[in-house]
Amino acid sequence: MRLAGLKGSILVIIFMLFQQAAIAQSDNIGLKFFGLSIHPQGDENAKLMPRRLDEKGVLVINLGGMLSYEKFFYKDAFSVKAVQGLYSDCAARLGGFSHIGLRGKIFKSGKHSLYGGIGPTLVYRRNWHDLPGYQDPAYFDGKPYATWQYKFLWYGGEFEYAYRLTERFSFASTFIPGYPKLISFSFGIKYMTKPNNNK
């Protein structure tokens with residue numbers, strides 16, 4: 001499927017979920033900020049990354065954010081979550097992702113909780129092929145002359161730790177374990193649109 005069609009389909013699904021959130025006024029809406037990207041084995045294009053913290057590009061600062069809506073369908077144990085992210089990628093170019101997936105509770109103790117999730121994710125970025133010295137790792141799809149590079153993953157996932165600050169607000173941090181290519185961290189807040197006695 002072409003990038004435009006696939007991206008459009010995912011965005012329609014995400015829009016429908018956000019529309020449902022506005023009507024139902026339940027569950028939670030999250031806003032997180034990027035963030036730190038980790039390339040565990042370094043990156044062949046490290047020299048193209050202006051915000052890298054080391055020569056091999058193991059640690060790179062990314063600037064951006066992501067908006068999410070989470071709908072619980074069984075108590076506080078299982079939910080569907082939609083996420084839209086936009087950020088400045090490792091080469092300081094526009095990038096983003098669209099994700100929808102199932103999530104489940106791993107543990108909850110007092111104000112602390114940890115959830116894990118998995119589902120289809122579309123990752124995209126402005127094409128790097130015109131950057132001098134770019135080495136194509138053959139990870140992203142998209143022609144060298146196209147505007148965008150992209151990657152569709154059926155199994156994109158996350159772990160989210162949350163600490164409840166008030167009845168409606170929680171501090172939340174997301175860990176995306178894309179080993180061995182990319183691991184990323186983000187942090188922000190979640191707002192519960194309606195208190196739920198099961199949560």
# chains A, B, ... in the order shown; residues from 1 in each chain; ligands from 1

call {"tool": "residues_around", "arguments": {"residues": "stretch 82-89 of chain A", "least_positions_apart": "3", "cutoff": "9 Å", "atoms": "only C-alpha atoms", "output": "JSON, numbers by chain"}}
result
{"A": [11, 13, 14, 17, 18, 30, 33, 34, 49, 61, 62, 63, 64, 65, 66, 67, 68, 69, 70, 71, 92, 93, 94, 95, 96, 97, 98, 99, 100, 101, 125, 126]}

call {"tool": "write_last_selection", "arguments": {"atoms": "N, CA and C atoms", "output": "mmCIF file, in the first residue's frame"}}
result
data_model
loop_
_atom_site.group_PDB
_atom_site.id
_atom_site.type_symbol
_atom_site.label_atom_id
_atom_site.label_comp_id
_atom_site.auth_asym_id
_atom_site.auth_seq_id
_atom_site.Cartn_x
_atom_site.Cartn_y
_atom_site.Cartn_z
ATOM 1 N N LEU A 11 -4.756 7.613 10.157
ATOM 2 C CA LEU A 11 -5.188 8.896 10.709
ATOM 3 C C LEU A 11 -6.702 8.969 10.861
ATOM 4 N N ILE A 13 -8.665 6.395 11.544
ATOM 5 C CA ILE A 13 -8.965 5.596 12.736
ATOM 6 C C ILE A 13 -8.658 6.398 13.995
ATOM 7 N N ILE A 14 -7.506 7.066 14.012
ATOM 8 C CA ILE A 14 -7.128 7.863 15.180
ATOM 9 C C ILE A 14 -8.130 9.000 15.392
ATOM 10 N N LEU A 17 -11.260 7.722 16.998
ATOM 11 C CA LEU A 17 -11.077 7.443 18.420
ATOM 12 C C LEU A 17 -11.079 8.724 19.234
ATOM 13 N N PHE A 18 -10.409 9.773 18.735
ATOM 14 C CA PHE A 18 -10.421 11.044 19.452
ATOM 15 C C PHE A 18 -11.820 11.651 19.484
ATOM 16 N N GLY A 30 -3.271 11.753 26.681
ATOM 17 C CA GLY A 30 -1.895 11.989 27.102
ATOM 18 C C GLY A 30 -1.160 12.928 26.167
ATOM 19 N N PHE A 33 6.463 14.505 25.606
ATOM 20 C CA PHE A 33 7.506 15.231 24.899
ATOM 21 C C PHE A 33 8.696 14.306 24.659
ATOM 22 N N PHE A 34 9.254 14.380 23.440
ATOM 23 C CA PHE A 34 10.506 13.697 23.148
ATOM 24 C C PHE A 34 11.637 14.593 23.635
ATOM 25 N N MET A 49 23.807 13.602 12.326
ATOM 26 C CA MET A 49 22.933 13.857 13.473
ATOM 27 C C MET A 49 23.486 15.004 14.320
ATOM 28 N N ILE A 61 19.473 13.449 20.970
ATOM 29 C CA ILE A 61 18.329 14.207 21.473
ATOM 30 C C ILE A 61 17.345 14.462 20.335
ATOM 31 N N ASN A 62 16.074 14.171 20.573
ATOM 32 C CA ASN A 62 15.008 14.477 19.620
ATOM 33 C C ASN A 62 14.050 15.483 20.263
ATOM 34 N N LEU A 63 13.527 16.389 19.462
ATOM 35 C CA LEU A 63 12.591 17.381 19.963
ATOM 36 C C LEU A 63 11.240 17.192 19.290
ATOM 37 N N GLY A 64 10.183 17.100 20.088
ATOM 38 C CA GLY A 64 8.853 16.916 19.521
ATOM 39 C C GLY A 64 7.888 16.422 20.578
ATOM 40 N N GLY A 65 6.780 15.894 20.142
ATOM 41 C CA GLY A 65 5.791 15.422 21.094
ATOM 42 C C GLY A 65 4.840 14.425 20.483
ATOM 43 N N MET A 66 3.996 13.851 21.340
ATOM 44 C CA MET A 66 2.982 12.929 20.856
ATOM 45 C C MET A 66 1.716 13.063 21.692
ATOM 46 N N LEU A 67 0.597 12.935 21.005
ATOM 47 C CA LEU A 67 -0.718 13.024 21.617
ATOM 48 C C LEU A 67 -1.365 11.654 21.559
ATOM 49 N N SER A 68 -1.977 11.228 22.650
ATOM 50 C CA SER A 68 -2.579 9.889 22.688
ATOM 51 C C SER A 68 -3.973 9.921 23.302
ATOM 52 N N TYR A 69 -4.754 8.949 22.914
ATOM 53 C CA TYR A 69 -6.051 8.704 23.545
ATOM 54 C C TYR A 69 -6.143 7.217 23.857
ATOM 55 N N GLU A 70 -6.528 6.909 25.089
ATOM 56 C CA GLU A 70 -6.605 5.524 25.528
ATOM 57 C C GLU A 70 -8.018 5.209 26.008
ATOM 58 N N LYS A 71 -8.607 4.157 25.433
ATOM 59 C CA LYS A 71 -9.958 3.730 25.763
ATOM 60 C C LYS A 71 -9.915 2.364 26.430
ATOM 61 N N ALA A 92 17.541 16.093 12.459
ATOM 62 C CA ALA A 92 16.857 17.377 12.621
ATOM 63 C C ALA A 92 15.910 17.660 11.468
ATOM 64 N N ARG A 93 15.284 16.589 10.937
ATOM 65 C CA ARG A 93 14.270 16.717 9.907
ATOM 66 C C ARG A 93 12.921 16.273 10.475
ATOM 67 N N LEU A 94 11.848 16.707 9.832
ATOM 68 C CA LEU A 94 10.513 16.357 10.307
ATOM 69 C C LEU A 94 10.268 14.861 10.209
ATOM 70 N N GLY A 95 9.808 14.289 11.307
ATOM 71 C CA GLY A 95 9.451 12.877 11.342
ATOM 72 C C GLY A 95 8.200 12.688 12.168
ATOM 73 N N GLY A 96 7.661 11.499 12.124
ATOM 74 C CA GLY A 96 6.476 11.233 12.923
ATOM 75 C C GLY A 96 6.107 9.772 12.902
ATOM 76 N N PHE A 97 5.061 9.447 13.644
ATOM 77 C CA PHE A 97 4.520 8.088 13.613
ATOM 78 C C PHE A 97 3.044 8.124 13.979
ATOM 79 N N SER A 98 2.318 7.122 13.482
ATOM 80 C CA SER A 98 0.911 6.923 13.809
ATOM 81 C C SER A 98 0.778 5.495 14.306
ATOM 82 N N HIS A 99 0.145 5.323 15.463
ATOM 83 C CA HIS A 99 0.088 4.001 16.098
ATOM 84 C C HIS A 99 -1.295 3.767 16.687
ATOM 85 N N ILE A 100 -1.756 2.536 16.588
ATOM 86 C CA ILE A 100 -2.938 2.100 17.318
ATOM 87 C C ILE A 100 -2.680 0.679 17.792
ATOM 88 N N GLY A 101 -2.992 0.391 19.054
ATOM 89 C CA GLY A 101 -2.676 -0.936 19.557
ATOM 90 C C GLY A 101 -3.425 -1.290 20.824
ATOM 91 N N ARG A 125 9.517 9.864 7.876
ATOM 92 C CA ARG A 125 10.432 11.003 8.040
ATOM 93 C C ARG A 125 10.728 11.606 6.684
ATOM 94 N N ARG A 126 11.137 12.874 6.692
ATOM 95 C CA ARG A 126 11.601 13.497 5.459
ATOM 96 C C ARG A 126 12.805 12.705 4.954
#

call {"tool": "residues_around", "arguments": {"residues": "A:Ile183", "least_positions_apart": "3", "cutoff": "8 Å", "atoms": "only C-alpha atoms", "output": "PyMOL selection string"}}
result
chain A and resi 37-40+175-180

call {"tool": "atom_distance", "arguments": {"atom1": "atom CA of A:Leu31", "atom2": "atom CA of A:Gly116"}}
result
17.5 Å

call {"tool": "select_by_dssp", "arguments": {"residues": "chain A", "states": "strand (DSSP E or B)", "output": "number ranges by chain"}}
result
A: 28-38, 52, 59-74, 78-88, 94-109, 112-126, 141, 148-164, 169-178, 182-192

call {"tool": "residues_around", "arguments": {"residues": "stretch 157-174 of chain A", "least_positions_apart": "4", "cutoff": "6 Å", "atoms": "only C-alpha atoms", "output": "compact mmCIF listing (two decimals) with N, CA, C and O atoms, in the first residue's frame"}}
result
# COMPACT_ATOMS: atom_id res chain seq x y z
N LYS A 111 0.17 4.36 43.73
CA LYS A 111 0.18 5.39 42.69
C LYS A 111 1.00 4.99 41.47
O LYS A 111 1.05 5.73 40.48
N HIS A 112 1.64 3.84 41.52
CA HIS A 112 2.52 3.40 40.44
C HIS A 112 1.81 2.37 39.54
O HIS A 112 1.09 1.51 40.04
N SER A 113 2.04 2.47 38.24
CA SER A 113 1.50 1.48 37.32
C SER A 113 2.42 1.33 36.11
O SER A 113 3.17 2.24 35.76
N LEU A 114 2.35 0.15 35.50
CA LEU A 114 3.13 -0.14 34.30
C LEU A 114 2.24 -0.91 33.33
O LEU A 114 1.63 -1.91 33.71
N TYR A 115 2.15 -0.41 32.11
CA TYR A 115 1.37 -1.05 31.05
C TYR A 115 2.29 -1.35 29.87
O TYR A 115 3.27 -0.67 29.64
N GLY A 116 1.92 -2.38 29.13
CA GLY A 116 2.63 -2.71 27.91
C GLY A 116 1.65 -2.83 26.77
O GLY A 116 0.49 -3.22 26.99
N GLY A 117 2.08 -2.48 25.57
CA GLY A 117 1.17 -2.53 24.43
C GLY A 117 1.87 -2.88 23.14
O GLY A 117 3.09 -2.77 23.01
N ILE A 118 1.07 -3.31 22.16
CA ILE A 118 1.61 -3.66 20.86
C ILE A 118 0.53 -3.44 19.80
O ILE A 118 -0.66 -3.58 20.09
N PHE A 185 12.80 7.19 24.48
CA PHE A 185 12.14 7.57 25.72
C PHE A 185 11.40 8.89 25.52
O PHE A 185 11.87 9.77 24.80
N SER A 186 10.26 9.02 26.17
CA SER A 186 9.52 10.27 26.19
C SER A 186 8.83 10.40 27.55
O SER A 186 8.71 9.42 28.28
N PHE A 187 8.38 11.60 27.87
CA PHE A 187 7.75 11.81 29.16
C PHE A 187 6.70 12.91 29.05
O PHE A 187 6.75 13.75 28.15
N GLY A 188 5.73 12.88 29.96
CA GLY A 188 4.70 13.90 29.93
C GLY A 188 3.61 13.64 30.94
O GLY A 188 3.87 13.10 32.02
N ILE A 189 2.37 13.99 30.58
CA ILE A 189 1.26 13.84 31.50
C ILE A 189 0.10 13.09 30.84
O ILE A 189 -0.01 13.06 29.61
N LYS A 190 -0.72 12.48 31.67
CA LYS A 190 -1.97 11.88 31.23
C LYS A 190 -3.10 12.52 32.02
O LYS A 190 -2.97 12.73 33.23
N TYR A 191 -4.19 12.78 31.34
CA TYR A 191 -5.36 13.37 31.97
C TYR A 191 -6.53 12.42 31.84
O TYR A 191 -6.95 12.05 30.74
N MET A 192 -7.06 11.97 32.97
CA MET A 192 -8.22 11.10 32.97
C MET A 192 -9.46 11.96 32.83
O MET A 192 -9.74 12.81 33.68
